[in-house]
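Q: Got a structure for you, questions after.
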2 protein chains.
Amino acid sequence: MYVIMVYDLQADRTHKALKIGRRYLTHVQNSVLEGEISEGDLKKLRNEIDDLLEPGESTIIYELSSDSILDRAVYGEDPTEDQRFL
Amino acid sequence: MYVIMVYDLQADRTHKALKIGRRYLTHVQNSVLEGEISEGDLKKLRNEIDDLLEPGESTIIYELSSDSILDRAVYGEDPTEDQRFL
């Protein structure tokens, strides 16, 4: 299946969510990762994120059927260069 | 169709993307909006966002078939209370 993950953590902790997410997905924007993932890995990802979050922080994981993205348009600069966000 | 929009603007300009997005979609997390949208409104939204962005800023708009979200899990606090982000 295909997953889009968007995290919203305190500024000095965002790198922790990114580190977890990048083990399974591709970093596509500041706080967004996406990619194909197995059910087993998705379960691990969910657990790791759930353990990470502190009060006031959140993460949304959208689980999509693999062919369901009709269009994915990036406006502005495509910030897939990860060094901006480390 | 169903749209997920994730914006990444300079901190003091995020409210502008939110203001545009909320005319068409529902604010579900810090920099994320989603919802059903007509093709006409999606075209307007794309144009307004494209006009707004400055160098170094970006926005991703995922266009999905309406029934393609298999699961949408929120971890941590569900920050749909917009006042946090104004």
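In the structure tokens, chains take the letters A, B, ... in the order shown, each chain's residues start at 1, and ligands count up from 1 in the order shown.
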All Cα atoms, paired in order, least squares: that's the fit I need for chain B onto chain A, output as a compact mmCIF listing (two decimals) with C-alpha atoms, in the first residue's frame.

A:
```txt
# COMPACT_ATOMS: atom_id res chain seq x y z
CA MET B 1 0.01 0.01 0.01
CA TYR B 2 0.98 3.64 -0.33
CA VAL B 3 1.34 5.92 2.67
CA ILE B 4 1.53 9.68 3.17
CA MET B 5 2.76 10.73 6.60
CA VAL B 6 2.64 14.30 7.90
CA TYR B 7 4.13 15.12 11.28
CA ASP B 8 3.74 18.14 13.52
CA LEU B 9 6.18 18.10 16.41
CA GLN B 10 7.86 20.76 18.48
CA ALA B 11 10.53 22.45 16.36
CA ASP B 12 13.47 20.93 18.22
CA ARG B 13 12.03 17.42 17.96
CA THR B 14 10.99 17.22 14.29
CA HIS B 15 14.24 15.48 13.38
CA LYS B 16 13.17 12.50 15.47
CA ALA B 17 10.02 11.96 13.43
CA LEU B 18 11.99 12.46 10.23
CA LYS B 19 14.57 9.90 11.31
CA ILE B 20 11.91 7.28 11.96
CA GLY B 21 9.96 8.11 8.81
CA ARG B 22 12.98 7.90 6.54
CA ARG B 23 13.60 4.33 7.54
CA TYR B 24 10.42 3.41 5.68
CA LEU B 25 9.44 6.28 3.39
CA THR B 26 10.82 9.06 1.18
CA HIS B 27 11.08 12.59 2.51
CA VAL B 28 9.20 14.86 0.11
CA GLN B 29 8.61 18.11 2.02
CA ASN B 30 9.50 19.70 5.34
CA SER B 31 7.20 17.52 7.44
CA VAL B 32 5.92 15.08 4.81
CA LEU B 33 7.07 11.61 3.80
CA GLU B 34 5.48 9.15 1.42
CA GLY B 35 6.04 5.83 -0.26
CA GLU B 36 5.13 2.20 -0.76
CA ILE B 37 5.24 0.25 2.47
CA SER B 38 4.46 -3.30 3.52
CA GLU B 39 1.85 -3.99 6.17
CA GLY B 40 4.54 -5.17 8.55
CA ASP B 41 6.64 -2.05 8.16
CA LEU B 42 3.58 0.16 8.46
CA LYS B 43 2.78 -1.45 11.77
CA LYS B 44 6.34 -0.78 12.98
CA LEU B 45 6.17 2.80 11.75
CA ARG B 46 2.86 3.41 13.53
CA ASN B 47 4.23 2.04 16.78
CA GLU B 48 7.44 4.05 16.63
CA ILE B 49 5.59 7.27 15.90
CA ASP B 50 3.05 6.63 18.60
CA ASP B 51 5.84 6.09 21.12
CA LEU B 52 7.64 9.24 20.05
CA LEU B 53 4.89 11.81 20.37
CA GLU B 54 4.60 14.15 23.32
CA PRO B 55 1.51 16.15 24.34
CA GLY B 56 0.58 18.74 21.73
CA GLU B 57 2.33 16.87 18.92
CA SER B 58 0.61 14.87 16.23
CA THR B 59 1.17 12.83 13.11
CA ILE B 60 -1.32 11.82 10.44
CA ILE B 61 -0.73 8.65 8.45
CA TYR B 62 -2.89 8.30 5.32
CA GLU B 63 -3.06 4.78 4.01
CA LEU B 64 -3.98 4.68 0.34
CA SER B 65 -4.51 1.96 -2.20
CA SER B 66 -1.39 1.93 -4.35
CA ASP B 67 -2.91 3.37 -7.51
CA SER B 68 -5.14 5.96 -5.91
CA ILE B 69 -3.06 9.10 -6.31
CA LEU B 70 -4.48 10.63 -9.45
CA ASP B 71 -2.16 13.60 -9.36
CA ARG B 72 0.61 14.91 -7.15
CA ALA B 73 1.49 18.50 -7.94
CA VAL B 74 4.30 20.39 -6.24
CA TYR B 75 4.05 24.17 -6.27
CA GLY B 76 7.05 26.30 -5.52
CA GLU B 77 10.37 24.62 -5.02
CA ASP B 78 10.48 20.87 -4.72
CA PRO B 79 12.26 20.46 -1.42
CA THR B 80 13.33 16.87 -1.73
CA GLU B 81 16.85 17.92 -0.87
CA ASP B 82 16.85 16.64 2.66
CA GLN B 83 19.72 18.72 3.94
CA ARG B 84 17.36 21.69 4.21
CA PHE B 85 15.52 19.94 6.99
CA LEU B 86 18.18 18.32 9.09
```

Q: DSSP on the backbone, alpha helix (DSSP H) only: what residues of segment 3-61 of chain A does that give? Format it as a PyMOL selection string.

A: chain A and resi 14-22+39-52

Q: Go ahead and write the selection's residues with C-alpha atoms as a PDB file, in the first residue's frame.

A:
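Below you can see out-v7.pdb, which holds the result:
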```pdb
ATOM      1  CA  THR A  14      10.986  17.233  14.286  1.00  0.00           C
ATOM      2  CA  HIS A  15      14.238  15.490  13.371  1.00  0.00           C
ATOM      3  CA  LYS A  16      13.160  12.503  15.453  1.00  0.00           C
ATOM      4  CA  ALA A  17      10.015  11.955  13.411  1.00  0.00           C
ATOM      5  CA  LEU A  18      11.984  12.454  10.211  1.00  0.00           C
ATOM      6  CA  LYS A  19      14.570   9.895  11.291  1.00  0.00           C
ATOM      7  CA  ILE A  20      11.898   7.276  11.954  1.00  0.00           C
ATOM      8  CA  GLY A  21       9.951   8.091   8.790  1.00  0.00           C
ATOM      9  CA  ARG A  22      12.981   7.898   6.534  1.00  0.00           C
ATOM     10  CA  GLU A  39       1.837  -3.997   6.172  1.00  0.00           C
ATOM     11  CA  GLY A  40       4.545  -5.182   8.544  1.00  0.00           C
ATOM     12  CA  ASP A  41       6.633  -2.052   8.152  1.00  0.00           C
ATOM     13  CA  LEU A  42       3.565   0.155   8.458  1.00  0.00           C
ATOM     14  CA  LYS A  43       2.786  -1.458  11.773  1.00  0.00           C
ATOM     15  CA  LYS A  44       6.342  -0.797  12.978  1.00  0.00           C
ATOM     16  CA  LEU A  45       6.162   2.803  11.753  1.00  0.00           C
ATOM     17  CA  ARG A  46       2.866   3.417  13.531  1.00  0.00           C
ATOM     18  CA  ASN A  47       4.236   2.039  16.775  1.00  0.00           C
ATOM     19  CA  GLU A  48       7.453   4.047  16.618  1.00  0.00           C
ATOM     20  CA  ILE A  49       5.594   7.277  15.903  1.00  0.00           C
ATOM     21  CA  ASP A  50       3.046   6.632  18.598  1.00  0.00           C
ATOM     22  CA  ASP A  51       5.850   6.098  21.120  1.00  0.00           C
ATOM     23  CA  LEU A  52       7.651   9.251  20.036  1.00  0.00           C
TER      24      LEU A  52
END
```

Q: Check chain B with DSSP on the backbone and list each residue it calls strand (DSSP E or B), as a PyMOL selection string.

A: chain B and resi 2-8+26-29+32-36+58-64+69-76
